[in-house]
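Coordinates from upload20.pdb are shown below (PDB, C-alpha atoms, pLDDT in the B column).
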ATOM      1  CA  MET C 668     115.649  33.987  90.280  1.00 57.00           C
ATOM      2  CA  GLY C 669     116.020  35.205  86.690  1.00 68.00           C
ATOM      3  CA  PHE C 670     118.896  34.617  84.292  1.00 66.00           C
ATOM      4  CA  ASN C 671     120.268  38.142  84.890  1.00 67.00           C
ATOM      5  CA  SER C 672     120.391  37.501  88.628  1.00 65.00           C
ATOM      6  CA  ILE C 673     122.312  34.284  88.103  1.00 62.00           C
ATOM      7  CA  LEU C 674     124.647  35.992  85.649  1.00 57.00           C
ATOM      8  CA  LYS C 675     125.432  38.757  88.169  1.00 59.00           C
ATOM      9  CA  VAL C 676     126.721  36.122  90.595  1.00 56.00           C
ATOM     10  CA  PHE C 677     129.398  35.092  88.093  1.00 56.00           C
ATOM     11  CA  LEU C 678     130.418  38.531  86.842  1.00 57.00           C
ATOM     12  CA  PRO C 679     133.303  40.343  88.534  1.00 55.00           C
ATOM     13  CA  LYS C 680     132.114  42.868  91.087  1.00 58.00           C
ATOM     14  CA  ASP C 681     134.945  45.336  90.846  1.00 65.00           C
ATOM     15  CA  ARG C 682     136.968  46.892  88.090  1.00 84.00           C
ATOM     16  CA  VAL C 683     140.365  46.299  89.661  1.00 91.00           C
ATOM     17  CA  PHE C 684     141.982  45.005  86.469  1.00 92.00           C
ATOM     18  CA  PHE C 685     140.758  47.926  84.407  1.00 93.00           C
ATOM     19  CA  GLN C 686     141.958  50.397  87.026  1.00 95.00           C
ATOM     20  CA  LEU C 687     145.386  48.765  87.161  1.00 95.00           C
ATOM     21  CA  PHE C 688     145.704  48.687  83.364  1.00 95.00           C
ATOM     22  CA  GLU C 689     144.736  52.352  83.206  1.00 96.00           C
ATOM     23  CA  SER C 690     147.342  53.170  85.857  1.00 96.00           C
ATOM     24  CA  VAL C 691     150.047  51.356  83.902  1.00 96.00           C
ATOM     25  CA  ALA C 692     149.036  53.125  80.689  1.00 96.00           C
ATOM     26  CA  GLU C 693     149.107  56.529  82.399  1.00 97.00           C
ATOM     27  CA  GLU C 694     152.568  55.795  83.790  1.00 96.00           C
ATOM     28  CA  LEU C 695     153.788  54.743  80.335  1.00 95.00           C
ATOM     29  CA  VAL C 696     152.539  58.018  78.877  1.00 95.00           C
ATOM     30  CA  LYS C 697     154.453  59.904  81.581  1.00 95.00           C
ATOM     31  CA  MET C 698     157.543  57.827  80.788  1.00 94.00           C
ATOM     32  CA  GLY C 699     157.270  58.760  77.114  1.00 93.00           C
ATOM     33  CA  GLU C 700     156.947  62.433  77.955  1.00 95.00           C
ATOM     34  CA  LYS C 701     159.941  62.223  80.294  1.00 94.00           C
ATOM     35  CA  LEU C 702     161.956  60.408  77.623  1.00 92.00           C
ATOM     36  CA  LYS C 703     161.213  63.273  75.241  1.00 94.00           C
ATOM     37  CA  GLU C 704     162.524  65.688  77.885  1.00 95.00           C
ATOM     38  CA  VAL C 705     165.707  63.614  78.224  1.00 93.00           C
ATOM     39  CA  VAL C 706     166.353  63.700  74.496  1.00 92.00           C
ATOM     40  CA  ASN C 707     165.824  67.462  74.333  1.00 95.00           C
ATOM     41  CA  GLU C 708     167.832  68.320  77.486  1.00 93.00           C
ATOM     42  CA  PRO C 709     171.268  69.767  76.667  1.00 94.00           C
ATOM     43  CA  ASP C 710     172.473  69.947  80.277  1.00 94.00           C
ATOM     44  CA  PHE C 711     174.321  66.767  81.288  1.00 91.00           C
ATOM     45  CA  ASP C 712     173.405  66.913  84.995  1.00 92.00           C
ATOM     46  CA  LYS C 713     169.758  67.658  84.329  1.00 94.00           C
ATOM     47  CA  ARG C 714     169.645  64.785  81.820  1.00 92.00           C
ATOM     48  CA  GLY C 715     170.958  62.389  84.469  1.00 91.00           C
ATOM     49  CA  GLN C 716     168.228  63.495  86.854  1.00 93.00           C
ATOM     50  CA  LEU C 717     165.558  62.996  84.177  1.00 93.00           C
ATOM     51  CA  ILE C 718     166.927  59.535  83.375  1.00 91.00           C
ATOM     52  CA  GLN C 719     166.647  58.584  87.030  1.00 92.00           C
ATOM     53  CA  GLU C 720     163.021  59.748  86.980  1.00 93.00           C
ATOM     54  CA  VAL C 721     162.344  57.460  83.994  1.00 93.00           C
ATOM     55  CA  ILE C 722     163.964  54.573  85.860  1.00 92.00           C
ATOM     56  CA  ASP C 723     161.793  55.302  88.906  1.00 94.00           C
ATOM     57  CA  MET C 724     158.706  55.314  86.686  1.00 94.00           C
ATOM     58  CA  GLU C 725     159.679  51.890  85.365  1.00 93.00           C
ATOM     59  CA  HIS C 726     159.739  50.607  88.944  1.00 94.00           C
ATOM     60  CA  VAL C 727     156.228  51.993  89.466  1.00 95.00           C
ATOM     61  CA  CYS C 728     155.104  50.066  86.362  1.00 95.00           C
ATOM     62  CA  ASP C 729     156.695  46.935  87.825  1.00 95.00           C
ATOM     63  CA  ASP C 730     154.643  47.413  90.986  1.00 97.00           C
ATOM     64  CA  TYR C 731     151.427  47.775  88.968  1.00 97.00           C
ATOM     65  CA  THR C 732     152.268  44.634  86.989  1.00 96.00           C
ATOM     66  CA  HIS C 733     152.914  42.743  90.212  1.00 97.00           C
ATOM     67  CA  ASN C 734     149.532  43.926  91.528  1.00 96.00           C
ATOM     68  CA  ILE C 735     147.819  42.719  88.351  1.00 95.00           C
ATOM     69  CA  PHE C 736     149.366  39.264  88.725  1.00 95.00           C
ATOM     70  CA  THR C 737     148.436  39.198  92.417  1.00 94.00           C
ATOM     71  CA  GLU C 738     144.829  40.079  91.608  1.00 92.00           C
ATOM     72  CA  LEU C 739     144.827  37.453  88.882  1.00 91.00           C
ATOM     73  CA  GLY C 740     145.777  34.863  91.483  1.00 90.00           C
ATOM     74  CA  LYS C 741     143.144  36.057  93.960  1.00 87.00           C
ATOM     75  CA  ASN C 742     140.176  36.362  91.592  1.00 85.00           C
ATOM     76  CA  PHE C 743     138.403  33.279  90.365  1.00 81.00           C
ATOM     77  CA  ILE C 744     136.258  35.268  87.955  1.00 82.00           C
ATOM     78  CA  THR C 745     137.950  37.843  85.738  1.00 85.00           C
ATOM     79  CA  PRO C 746     136.441  40.415  83.358  1.00 85.00           C
ATOM     80  CA  PHE C 747     138.112  38.721  80.393  1.00 86.00           C
ATOM     81  CA  ASP C 748     140.255  35.663  79.778  1.00 90.00           C
ATOM     82  CA  ARG C 749     142.972  35.119  82.376  1.00 90.00           C
ATOM     83  CA  GLU C 750     145.546  34.384  79.704  1.00 94.00           C
ATOM     84  CA  ASP C 751     144.686  37.638  77.916  1.00 94.00           C
ATOM     85  CA  ILE C 752     145.073  39.570  81.174  1.00 94.00           C
ATOM     86  CA  HIS C 753     148.464  37.951  81.700  1.00 95.00           C
ATOM     87  CA  HIS C 754     149.601  38.726  78.145  1.00 97.00           C
ATOM     88  CA  LEU C 755     148.383  42.333  78.311  1.00 96.00           C
ATOM     89  CA  ALA C 756     150.090  42.924  81.661  1.00 96.00           C
ATOM     90  CA  SER C 757     153.315  41.372  80.368  1.00 96.00           C
ATOM     91  CA  ALA C 758     153.213  43.423  77.164  1.00 96.00           C
ATOM     92  CA  LEU C 759     152.678  46.675  79.054  1.00 95.00           C
ATOM     93  CA  ASP C 760     155.530  45.772  81.393  1.00 95.00           C
ATOM     94  CA  ASP C 761     157.759  45.039  78.403  1.00 94.00           C
ATOM     95  CA  ILE C 762     157.118  48.536  77.059  1.00 93.00           C
ATOM     96  CA  ALA C 763     158.472  49.995  80.292  1.00 92.00           C
ATOM     97  CA  ASP C 764     161.319  47.475  80.487  1.00 91.00           C
ATOM     98  CA  TYR C 765     162.469  48.096  76.925  1.00 86.00           C
ATOM     99  CA  THR C 766     162.738  51.827  77.313  1.00 79.00           C
ATOM    100  CA  PRO C 767     166.248  52.476  75.976  1.00 62.00           C
ATOM    101  CA  LEU C 768     167.234  54.278  79.158  1.00 60.00           C
ATOM    102  CA  GLN C 769     166.737  51.097  81.144  1.00 53.00           C
ATOM    103  CA  LYS C 770     169.173  49.057  79.106  1.00 49.00           C
ATOM    104  CA  ARG C 771     171.939  51.534  78.349  1.00 48.00           C
ATOM    105  CA  SER C 772     173.692  54.120  80.390  1.00 48.00           C
ATOM    106  CA  THR C 773     175.377  55.603  77.301  1.00 48.00           C
ATOM    107  CA  PHE C 774     172.721  58.317  77.177  1.00 47.00           C
ATOM    108  CA  THR C 775     174.182  59.874  80.312  1.00 48.00           C
ATOM    109  CA  GLY C 776     177.494  60.712  78.808  1.00 47.00           C
TER     110      GLY C 776
END

Re-express the file's structure as structure tokens.
Amino acid sequence: MGFNSILKVFLPKDRVFFQLFESVAEELVKMGEKLKEVVNEPDFDKRGQLIQEVIDMEHVCDDYTHNIFTELGKNFITPFDREDIHHLASALDDIADYTPLQKRSTFTG
């Protein structure tokens, strides 16, 4: 058994973390685009609907973050440092959480 064969035993077999991080990033891009729509929307009722969509997107990001932490608990071997995965997931979640629409309802009226 060569060194590469032994190394393969210890390397992660799937790309679950990368897929989850990509999903979070894609959702954050959509949130940014939706936020731009909110800012440019003159109609009060339509703006409220768009704000609710941003809030729903934040909940989707929360679900992805939860999945990342769940996978972190299930996987003994990770593609990069566990602490770095935790910090990256938390930072991405903070971006969604700190969207101004999440903290203030003054944009609706």

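Taking CA of Lys701 in chain C and CA of Phe736 in chain C as endpoints, the distance between them is 26.6 Å.
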
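Residues within 12 Å of His733 in chain C, counting all atoms listed in the file and excluding same-chain residues fewer than 6 positions away, are C:Phe684, C:Leu687, C:Phe688, C:Val691, C:His726, C:Val727, C:Leu739, C:Gly740, C:His753, C:Ala756, C:Ser757, C:Leu759, C:Asp760.
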
Of C:Glu708, C:Glu738, C:Glu750, C:Glu694, the one sitting nearest Val721 in chain C when using all atoms listed in the file is C:Glu694

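Using only C-alpha atoms, the shortest contact distance between Glu704 in chain C and any of C:Asp761, C:Asp748, C:Glu720, C:Glu725 is found at C:Glu720.
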
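One finds CA of Ala763 in chain C at 7.9 Å from CA of Met698 in chain C.
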
Atom pair CA of Val705 in chain C + CA of Cys728 in chain C, distance 19.0 Å

Using 6 Å of padding on each side, determine the axis-aligned box around all atoms of range 724-728 of chain C present in the file and give its centre and edge lengths in Å to one decimal, as lines of an AutoDock Vina configuration file.
center_x = 157.4
center_y = 52.7
center_z = 87.4
size_x = 16.6
size_y = 17.2
size_z = 16.1

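Distances from C:Asp764, C:Ala692, C:Ile752, C:Phe685 to Asp723 in chain C were compared using only C-alpha atoms, and the smallest one belongs to C:Asp764.
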
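In terms of minimum interatomic distance to Glu693 in chain C, C:Tyr731 ranks closest within C:Ile722, C:Tyr731, C:Leu717, C:Phe743, counting only C-alpha atoms.
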
Please rebuild range 709-722 of chain C with N, CA and C atoms and return the result as a PDB file, in the coordinates of the input.
ATOM      1  N   PRO C 709     169.844  69.628  76.978  1.00 94.00           N
ATOM      2  CA  PRO C 709     171.268  69.767  76.667  1.00 94.00           C
ATOM      3  C   PRO C 709     172.180  69.658  77.894  1.00 94.00           C
ATOM      4  N   ASP C 710     171.659  69.948  79.071  1.00 94.00           N
ATOM      5  CA  ASP C 710     172.473  69.947  80.277  1.00 94.00           C
ATOM      6  C   ASP C 710     172.692  68.515  80.772  1.00 94.00           C
ATOM      7  N   PHE C 711     173.949  68.126  80.903  1.00 91.00           N
ATOM      8  CA  PHE C 711     174.321  66.767  81.288  1.00 91.00           C
ATOM      9  C   PHE C 711     173.738  66.372  82.641  1.00 91.00           C
ATOM     10  N   ASP C 712     173.888  67.239  83.648  1.00 92.00           N
ATOM     11  CA  ASP C 712     173.405  66.913  84.995  1.00 92.00           C
ATOM     12  C   ASP C 712     171.888  66.792  85.043  1.00 92.00           C
ATOM     13  N   LYS C 713     171.220  67.692  84.364  1.00 94.00           N
ATOM     14  CA  LYS C 713     169.758  67.658  84.329  1.00 94.00           C
ATOM     15  C   LYS C 713     169.280  66.388  83.613  1.00 94.00           C
ATOM     16  N   ARG C 714     169.982  65.995  82.558  1.00 92.00           N
ATOM     17  CA  ARG C 714     169.645  64.785  81.820  1.00 92.00           C
ATOM     18  C   ARG C 714     169.759  63.558  82.725  1.00 92.00           C
ATOM     19  N   GLY C 715     170.794  63.506  83.534  1.00 91.00           N
ATOM     20  CA  GLY C 715     170.958  62.389  84.469  1.00 91.00           C
ATOM     21  C   GLY C 715     169.811  62.299  85.457  1.00 91.00           C
ATOM     22  N   GLN C 716     169.358  63.464  85.922  1.00 93.00           N
ATOM     23  CA  GLN C 716     168.228  63.495  86.854  1.00 93.00           C
ATOM     24  C   GLN C 716     166.951  62.999  86.158  1.00 93.00           C
ATOM     25  N   LEU C 717     166.742  63.431  84.922  1.00 93.00           N
ATOM     26  CA  LEU C 717     165.558  62.996  84.177  1.00 93.00           C
ATOM     27  C   LEU C 717     165.594  61.496  83.905  1.00 93.00           C
ATOM     28  N   ILE C 718     166.780  60.978  83.605  1.00 91.00           N
ATOM     29  CA  ILE C 718     166.927  59.535  83.375  1.00 91.00           C
ATOM     30  C   ILE C 718     166.564  58.759  84.634  1.00 91.00           C
ATOM     31  N   GLN C 719     166.992  59.250  85.772  1.00 92.00           N
ATOM     32  CA  GLN C 719     166.647  58.584  87.030  1.00 92.00           C
ATOM     33  C   GLN C 719     165.135  58.599  87.254  1.00 92.00           C
ATOM     34  N   GLU C 720     164.474  59.683  86.856  1.00 93.00           N
ATOM     35  CA  GLU C 720     163.021  59.748  86.980  1.00 93.00           C
ATOM     36  C   GLU C 720     162.349  58.697  86.090  1.00 93.00           C
ATOM     37  N   VAL C 721     162.885  58.491  84.887  1.00 93.00           N
ATOM     38  CA  VAL C 721     162.344  57.460  83.994  1.00 93.00           C
ATOM     39  C   VAL C 721     162.529  56.076  84.622  1.00 93.00           C
ATOM     40  N   ILE C 722     163.696  55.853  85.203  1.00 92.00           N
ATOM     41  CA  ILE C 722     163.964  54.573  85.860  1.00 92.00           C
ATOM     42  C   ILE C 722     163.000  54.359  87.030  1.00 92.00           C
TER      43      ILE C 722
END
